[in-house]
>>> print(open('upload_4.txt').read())   # compact mmCIF, N, CA and C atoms
# COMPACT_ATOMS: atom_id res chain seq x y z
N MET A 1 80.25 95.22 111.30
CA MET A 1 81.09 96.36 111.61
C MET A 1 81.13 96.59 113.12
N LEU A 2 79.96 96.68 113.76
CA LEU A 2 79.93 96.91 115.21
C LEU A 2 80.49 95.72 115.98
N GLN A 3 80.25 94.51 115.49
CA GLN A 3 80.78 93.31 116.15
C GLN A 3 82.30 93.37 116.18
N ASN A 4 82.91 93.73 115.07
CA ASN A 4 84.37 93.81 114.98
C ASN A 4 84.91 94.88 115.92
N MET A 5 84.27 96.05 115.94
CA MET A 5 84.71 97.13 116.80
C MET A 5 84.55 96.75 118.27
N ALA A 6 83.46 96.11 118.63
CA ALA A 6 83.23 95.70 120.01
C ALA A 6 84.27 94.70 120.47
N GLU A 7 84.64 93.75 119.61
CA GLU A 7 85.66 92.76 119.96
C GLU A 7 87.01 93.41 120.18
N ARG A 8 87.39 94.37 119.34
CA ARG A 8 88.68 95.04 119.50
C ARG A 8 88.74 95.85 120.78
N VAL A 9 87.68 96.60 121.08
CA VAL A 9 87.69 97.45 122.26
C VAL A 9 87.59 96.62 123.53
N SER A 10 86.75 95.60 123.56
CA SER A 10 86.60 94.80 124.77
C SER A 10 87.88 94.02 125.08
N ALA A 11 88.65 93.66 124.06
CA ALA A 11 89.93 92.98 124.30
C ALA A 11 90.92 93.92 124.96
N GLY A 12 90.86 95.20 124.66
CA GLY A 12 91.79 96.17 125.25
C GLY A 12 91.31 96.78 126.53
N ALA A 13 90.06 96.58 126.90
CA ALA A 13 89.50 97.22 128.09
C ALA A 13 89.46 96.26 129.27
N SER A 14 90.50 95.50 129.46
CA SER A 14 90.54 94.59 130.60
C SER A 14 91.23 95.26 131.79
N VAL A 15 91.02 94.73 132.97
CA VAL A 15 91.65 95.27 134.17
C VAL A 15 93.16 95.21 134.04
N LYS A 16 93.67 94.13 133.49
CA LYS A 16 95.12 93.97 133.32
C LYS A 16 95.69 95.06 132.43
N ASN A 17 95.01 95.39 131.35
CA ASN A 17 95.50 96.43 130.44
C ASN A 17 95.35 97.82 131.04
N VAL A 18 94.35 98.02 131.89
CA VAL A 18 94.11 99.34 132.45
C VAL A 18 95.01 99.60 133.67
N TYR A 19 95.14 98.64 134.57
CA TYR A 19 95.82 98.87 135.84
C TYR A 19 97.04 97.99 136.08
N GLY A 20 97.37 97.11 135.18
CA GLY A 20 98.60 96.35 135.31
C GLY A 20 98.43 94.97 135.92
N GLU A 21 99.58 94.35 136.17
CA GLU A 21 99.64 92.99 136.69
C GLU A 21 99.37 92.97 138.19
N PRO A 22 99.00 91.80 138.73
CA PRO A 22 98.88 91.66 140.18
C PRO A 22 100.23 91.91 140.86
N VAL A 23 100.20 92.43 142.08
CA VAL A 23 101.41 92.73 142.83
C VAL A 23 101.58 91.65 143.90
N VAL A 24 102.77 91.04 143.93
CA VAL A 24 103.06 90.00 144.91
C VAL A 24 104.20 90.49 145.81
N VAL A 25 103.95 90.52 147.13
CA VAL A 25 104.95 90.89 148.12
C VAL A 25 104.92 89.83 149.21
N GLY A 26 105.98 89.05 149.30
CA GLY A 26 106.01 87.97 150.29
C GLY A 26 104.93 86.95 149.98
N ASP A 27 104.08 86.70 150.98
CA ASP A 27 102.98 85.75 150.79
C ASP A 27 101.65 86.46 150.53
N ARG A 28 101.71 87.72 150.17
CA ARG A 28 100.50 88.52 149.91
C ARG A 28 100.44 88.90 148.44
N THR A 29 99.26 88.70 147.84
CA THR A 29 99.02 89.08 146.45
C THR A 29 97.86 90.06 146.40
N VAL A 30 98.06 91.16 145.67
CA VAL A 30 97.01 92.17 145.52
C VAL A 30 96.64 92.26 144.05
N LEU A 31 95.35 92.02 143.78
CA LEU A 31 94.82 92.09 142.41
C LEU A 31 93.97 93.34 142.27
N PRO A 32 94.29 94.24 141.33
CA PRO A 32 93.47 95.43 141.14
C PRO A 32 92.11 95.06 140.53
N ALA A 33 91.09 95.77 140.93
CA ALA A 33 89.74 95.57 140.38
C ALA A 33 89.28 96.88 139.76
N ALA A 34 88.65 96.80 138.60
CA ALA A 34 88.19 97.99 137.90
C ALA A 34 86.78 97.78 137.39
N ARG A 35 86.05 98.87 137.27
CA ARG A 35 84.73 98.85 136.64
C ARG A 35 84.95 99.39 135.23
N VAL A 36 84.78 98.52 134.25
CA VAL A 36 85.00 98.89 132.85
C VAL A 36 83.65 98.89 132.16
N ARG A 37 83.35 100.01 131.51
CA ARG A 37 82.08 100.15 130.78
C ARG A 37 82.39 100.52 129.34
N TYR A 38 81.60 100.01 128.44
CA TYR A 38 81.72 100.42 127.05
C TYR A 38 80.35 100.41 126.39
N ALA A 39 80.22 101.30 125.39
CA ALA A 39 78.95 101.44 124.67
C ALA A 39 79.27 101.69 123.18
N PHE A 40 78.41 101.18 122.33
CA PHE A 40 78.61 101.32 120.90
C PHE A 40 77.30 101.69 120.22
N GLY A 41 77.44 102.32 119.08
CA GLY A 41 76.26 102.64 118.29
C GLY A 41 76.66 102.80 116.83
N GLY A 42 75.71 102.71 115.98
CA GLY A 42 76.01 102.87 114.57
C GLY A 42 74.74 102.89 113.75
N GLY A 43 74.88 103.26 112.52
CA GLY A 43 73.72 103.31 111.65
C GLY A 43 74.14 103.49 110.21
N GLY A 44 73.20 103.33 109.34
CA GLY A 44 73.47 103.49 107.92
C GLY A 44 72.17 103.60 107.16
N ARG A 45 72.28 103.96 105.89
CA ARG A 45 71.11 104.08 105.03
C ARG A 45 71.04 102.90 104.09
N GLY A 46 69.92 102.27 104.06
CA GLY A 46 69.72 101.18 103.12
C GLY A 46 70.46 99.92 103.54
N GLU A 47 70.42 98.95 102.65
CA GLU A 47 71.05 97.67 102.94
C GLU A 47 72.55 97.69 102.71
N THR A 48 73.06 98.65 101.97
CA THR A 48 74.49 98.70 101.68
C THR A 48 75.26 99.49 102.74
N SER A 49 74.57 100.10 103.65
CA SER A 49 75.18 100.91 104.72
C SER A 49 75.97 102.08 104.17
N ALA A 50 75.61 102.56 102.99
CA ALA A 50 76.29 103.72 102.42
C ALA A 50 75.93 104.95 103.24
N GLY A 51 76.92 105.75 103.56
CA GLY A 51 76.68 106.96 104.34
C GLY A 51 76.47 106.69 105.81
N GLY A 52 76.81 105.53 106.26
CA GLY A 52 76.63 105.17 107.67
C GLY A 52 77.86 105.47 108.49
N GLY A 53 77.75 105.18 109.75
CA GLY A 53 78.89 105.40 110.64
C GLY A 53 78.66 104.68 111.95
N GLY A 54 79.66 104.74 112.77
CA GLY A 54 79.56 104.10 114.07
C GLY A 54 80.53 104.74 115.04
N GLY A 55 80.36 104.43 116.28
CA GLY A 55 81.24 104.98 117.30
C GLY A 55 81.11 104.22 118.59
N GLY A 56 81.98 104.52 119.49
CA GLY A 56 81.94 103.83 120.78
C GLY A 56 82.66 104.62 121.84
N ARG A 57 82.50 104.16 123.07
CA ARG A 57 83.11 104.82 124.21
C ARG A 57 83.51 103.75 125.21
N VAL A 58 84.68 103.91 125.82
CA VAL A 58 85.16 103.01 126.86
C VAL A 58 85.56 103.85 128.05
N ALA A 59 85.13 103.44 129.25
CA ALA A 59 85.51 104.12 130.48
C ALA A 59 85.91 103.09 131.52
N ALA A 60 87.04 103.32 132.17
CA ALA A 60 87.52 102.41 133.21
C ALA A 60 87.80 103.21 134.47
N ARG A 61 87.39 102.67 135.60
CA ARG A 61 87.56 103.35 136.88
C ARG A 61 87.95 102.33 137.94
N PRO A 62 88.98 102.63 138.76
CA PRO A 62 89.33 101.68 139.82
C PRO A 62 88.19 101.59 140.83
N CYS A 63 87.89 100.39 141.28
CA CYS A 63 86.81 100.24 142.27
C CYS A 63 87.27 99.48 143.50
N GLY A 64 88.47 98.89 143.48
CA GLY A 64 88.94 98.19 144.66
C GLY A 64 90.11 97.29 144.34
N ALA A 65 90.43 96.46 145.32
CA ALA A 65 91.52 95.50 145.17
C ALA A 65 91.17 94.24 145.94
N LEU A 66 91.65 93.13 145.44
CA LEU A 66 91.46 91.85 146.10
C LEU A 66 92.79 91.44 146.71
N GLU A 67 92.82 91.26 148.03
CA GLU A 67 94.04 90.89 148.74
C GLU A 67 93.96 89.42 149.12
N ILE A 68 94.96 88.65 148.69
CA ILE A 68 95.00 87.22 148.95
C ILE A 68 96.20 86.93 149.84
N THR A 69 95.95 86.33 151.02
CA THR A 69 97.00 85.95 151.96
C THR A 69 96.76 84.50 152.39
N PRO A 70 97.70 83.89 153.08
CA PRO A 70 97.47 82.53 153.57
C PRO A 70 96.29 82.44 154.54
N GLU A 71 95.98 83.54 155.24
CA GLU A 71 94.85 83.56 156.18
C GLU A 71 93.50 83.63 155.47
N GLY A 72 93.50 84.12 154.27
CA GLY A 72 92.23 84.23 153.54
C GLY A 72 92.30 85.30 152.45
N CYS A 73 91.13 85.68 152.03
CA CYS A 73 90.98 86.63 150.92
C CYS A 73 90.02 87.72 151.35
N ARG A 74 90.31 88.99 150.99
CA ARG A 74 89.38 90.08 151.30
C ARG A 74 89.37 91.09 150.16
N TYR A 75 88.22 91.74 150.02
CA TYR A 75 88.04 92.77 149.00
C TYR A 75 88.11 94.13 149.67
N ILE A 76 88.92 95.03 149.14
CA ILE A 76 89.06 96.38 149.67
C ILE A 76 88.43 97.33 148.66
N SER A 77 87.34 97.99 149.07
CA SER A 77 86.61 98.88 148.17
C SER A 77 87.20 100.28 148.21
N PHE A 78 87.23 100.95 147.06
CA PHE A 78 87.70 102.33 146.97
C PHE A 78 86.55 103.32 146.90
N GLY A 79 85.30 102.90 147.09
CA GLY A 79 84.15 103.76 146.87
C GLY A 79 83.72 104.61 148.05
N GLY A 80 84.28 104.44 149.23
CA GLY A 80 83.82 105.16 150.42
C GLY A 80 84.02 106.66 150.36
N GLN A 81 85.11 107.13 149.78
CA GLN A 81 85.41 108.55 149.74
C GLN A 81 84.41 109.31 148.88
N ARG A 82 83.98 108.71 147.82
CA ARG A 82 83.03 109.37 146.94
C ARG A 82 81.68 109.59 147.65
N ARG A 83 81.23 108.57 148.39
CA ARG A 83 79.97 108.68 149.13
C ARG A 83 80.07 109.72 150.23
N LEU A 84 81.23 109.78 150.90
CA LEU A 84 81.42 110.76 151.96
C LEU A 84 81.36 112.17 151.40
N CYS A 85 81.99 112.42 150.29
CA CYS A 85 81.94 113.75 149.65
C CYS A 85 80.52 114.10 149.22
N ALA A 86 79.79 113.14 148.69
CA ALA A 86 78.41 113.39 148.28
C ALA A 86 77.53 113.71 149.48
N ALA A 87 77.72 113.01 150.60
CA ALA A 87 76.94 113.29 151.81
C ALA A 87 77.26 114.67 152.36
N PHE A 88 78.53 115.05 152.34
CA PHE A 88 78.92 116.38 152.82
C PHE A 88 78.29 117.47 151.95
N ALA A 89 78.33 117.31 150.63
CA ALA A 89 77.75 118.29 149.71
C ALA A 89 76.24 118.39 149.91
N ALA A 90 75.57 117.24 150.09
CA ALA A 90 74.12 117.26 150.31
C ALA A 90 73.78 117.97 151.62
N GLY A 91 74.55 117.74 152.68
CA GLY A 91 74.32 118.42 153.95
C GLY A 91 74.52 119.92 153.84
N PHE A 92 75.55 120.33 153.10
CA PHE A 92 75.79 121.76 152.90
C PHE A 92 74.64 122.41 152.14
N LEU A 93 74.19 121.76 151.07
CA LEU A 93 73.09 122.31 150.27
C LEU A 93 71.79 122.37 151.08
N LEU A 94 71.53 121.36 151.90
CA LEU A 94 70.34 121.36 152.74
C LEU A 94 70.39 122.50 153.75
N GLY A 95 71.54 122.71 154.37
CA GLY A 95 71.70 123.81 155.32
C GLY A 95 71.51 125.17 154.65
N ALA A 96 72.06 125.34 153.46
CA ALA A 96 71.91 126.60 152.73
C ALA A 96 70.46 126.83 152.35
N ALA A 97 69.73 125.77 151.98
CA ALA A 97 68.31 125.91 151.62
C ALA A 97 67.48 126.31 152.84
N ILE A 98 67.79 125.74 153.99
CA ILE A 98 67.04 126.10 155.21
C ILE A 98 67.27 127.55 155.57
N VAL A 99 68.50 128.02 155.49
CA VAL A 99 68.81 129.42 155.79
C VAL A 99 68.10 130.33 154.80
N ALA A 100 68.09 129.95 153.52
CA ALA A 100 67.45 130.79 152.51
C ALA A 100 65.93 130.83 152.68
N LEU A 101 65.32 129.72 153.10
CA LEU A 101 63.86 129.69 153.26
C LEU A 101 63.40 130.42 154.51
N ARG A 102 64.23 130.51 155.51
CA ARG A 102 63.85 131.22 156.74
C ARG A 102 63.79 132.71 156.52
N GLY A 103 64.44 133.20 155.51
CA GLY A 103 64.40 134.61 155.18
C GLY A 103 65.32 135.43 156.07
N PRO A 104 65.51 136.69 155.69
CA PRO A 104 66.40 137.54 156.49
C PRO A 104 65.76 137.89 157.83
N ARG A 105 66.55 137.95 158.84
CA ARG A 105 66.08 138.35 160.17
C ARG A 105 66.44 139.81 160.36
N ARG A 106 65.51 140.54 160.91
CA ARG A 106 65.73 141.97 161.14
C ARG A 106 66.18 142.16 162.57
N VAL A 107 67.28 142.86 162.71
CA VAL A 107 67.82 143.13 164.03
C VAL A 107 67.71 144.63 164.28
N GLU A 108 67.09 145.00 165.41
CA GLU A 108 66.95 146.42 165.75
C GLU A 108 67.88 146.73 166.90
N VAL A 109 68.51 147.87 166.79
CA VAL A 109 69.40 148.33 167.85
C VAL A 109 68.72 149.49 168.54
N VAL A 110 68.56 149.38 169.84
CA VAL A 110 67.89 150.42 170.63
C VAL A 110 68.94 151.11 171.49
N LYS A 111 69.01 152.43 171.35
CA LYS A 111 69.95 153.18 172.17
C LYS A 111 69.19 153.75 173.37
N ARG A 112 69.75 153.56 174.54
CA ARG A 112 69.13 154.11 175.75
C ARG A 112 69.89 155.35 176.18
N VAL A 113 69.15 156.30 176.58
CA VAL A 113 69.74 157.55 177.03
C VAL A 113 69.90 157.45 178.55
N ALA A 114 71.10 157.71 179.00
CA ALA A 114 71.36 157.64 180.45
C ALA A 114 70.66 158.81 181.12
N GLY A 115 70.06 158.54 182.23
CA GLY A 115 69.50 159.67 182.94
C GLY A 115 68.27 159.52 183.66
>>> encode(input="upload_4.txt", output="structure tokens")
Amino acid sequence: MLQNMAERVSAGASVKNVYGEPVVVGDRTVLPAARVRYAFGGGGRGETSAGGGGGGRVAARPCGALEITPEGCRYISFGGQRRLCAAFAAGFLLGAAIVALRGPRRVEVVKRVAG
């Protein structure tokens, strides 16, 4: 049962099915690259598998593109923006924690009487 389900899902979870055909413009070809993950599970009671079940999950995410030209081939990664956002969020949280740990500062205002 799980073997059959895994074969059906993995056949449909290819980069071509998720993001389409390679793009050719002039002498340049761009191939999309994706990170495809899938997981399966199942169970049943006894040897007849009566009352059993199964399930699965497929996730696909673009991760880059492969550019092919007469000069050569290069991989263009799409992951830099995610790391930049994570670094910004970590810096903000660290700054907020430092301000919170320093505690409130008390400011006193002294009025001077002229004379």
>>> atom_distance(input="upload_4.txt", atom1="atom N of Ser77 (chain A)", atom2="atom N of Arg35 (chain A)")
11.9 Å
>>> atom_distance(input="upload_4.txt", atom1="CA of Val58 (chain A)", atom2="CA of Arg37 (chain A)")
5.7 Å
>>> residues_around(input="upload_4.txt", residues="Tyr38 (chain A)", least_positions_apart="4", cutoff="8 Å", atoms="only C-alpha atoms", output="CSV table (one decimal) with N, CA and C atoms, keeping the file's coordinate frame")
chain,number,residue,atom,x,y,z
A,10,SER,N,86.8,95.6,123.6
A,10,SER,CA,86.6,94.8,124.8
A,10,SER,C,87.9,94.0,125.1
A,56,GLY,N,82.0,104.5,119.5
A,56,GLY,CA,81.9,103.8,120.8
A,56,GLY,C,82.7,104.6,121.8
A,57,ARG,N,82.5,104.2,123.1
A,57,ARG,CA,83.1,104.8,124.2
A,57,ARG,C,83.5,103.8,125.2
A,58,VAL,N,84.7,103.9,125.8
A,58,VAL,CA,85.2,103.0,126.9
A,58,VAL,C,85.6,103.8,128.0
A,59,ALA,N,85.1,103.4,129.2
A,59,ALA,CA,85.5,104.1,130.5
A,59,ALA,C,85.9,103.1,131.5
>>> select_by_dssp(input="upload_4.txt", residues="region 14-99 of chain A", states="strand (DSSP E)", output="VMD selection string")
chain A and resid 23 to 25 28 to 45 50 to 69 72 to 77
>>> residues_near_point(input="upload_4.txt", point="(78.2, 105.0, 111.3)", cutoff="8 Å", atoms="only C-alpha atoms", output="ChimeraX atom specification")
/A:41-44,51-55
>>> atom_distance(input="upload_4.txt", atom1="CA of Leu31 (chain A)", atom2="CA of Gly64 (chain A)")
8.8 Å
>>> closest_residue(input="upload_4.txt", among="A:Ile68, A:Leu94, A:Val109, A:Cys73", to="Thr29 (chain A)", atoms="only C-alpha atoms")
A:Ile68
>>> closest_residue(input="upload_4.txt", among="A:Ala96, A:Phe78, A:Leu101, A:Asp27", to="Pro62 (chain A)", atoms="all atoms listed in the file")
A:Phe78
>>> select_by_dssp(input="upload_4.txt", residues="region 16-71 of chain A", states="alpha helix (DSSP H)", output="list in words")
Lys16, Asn17, Val18 and Tyr19 of chain A
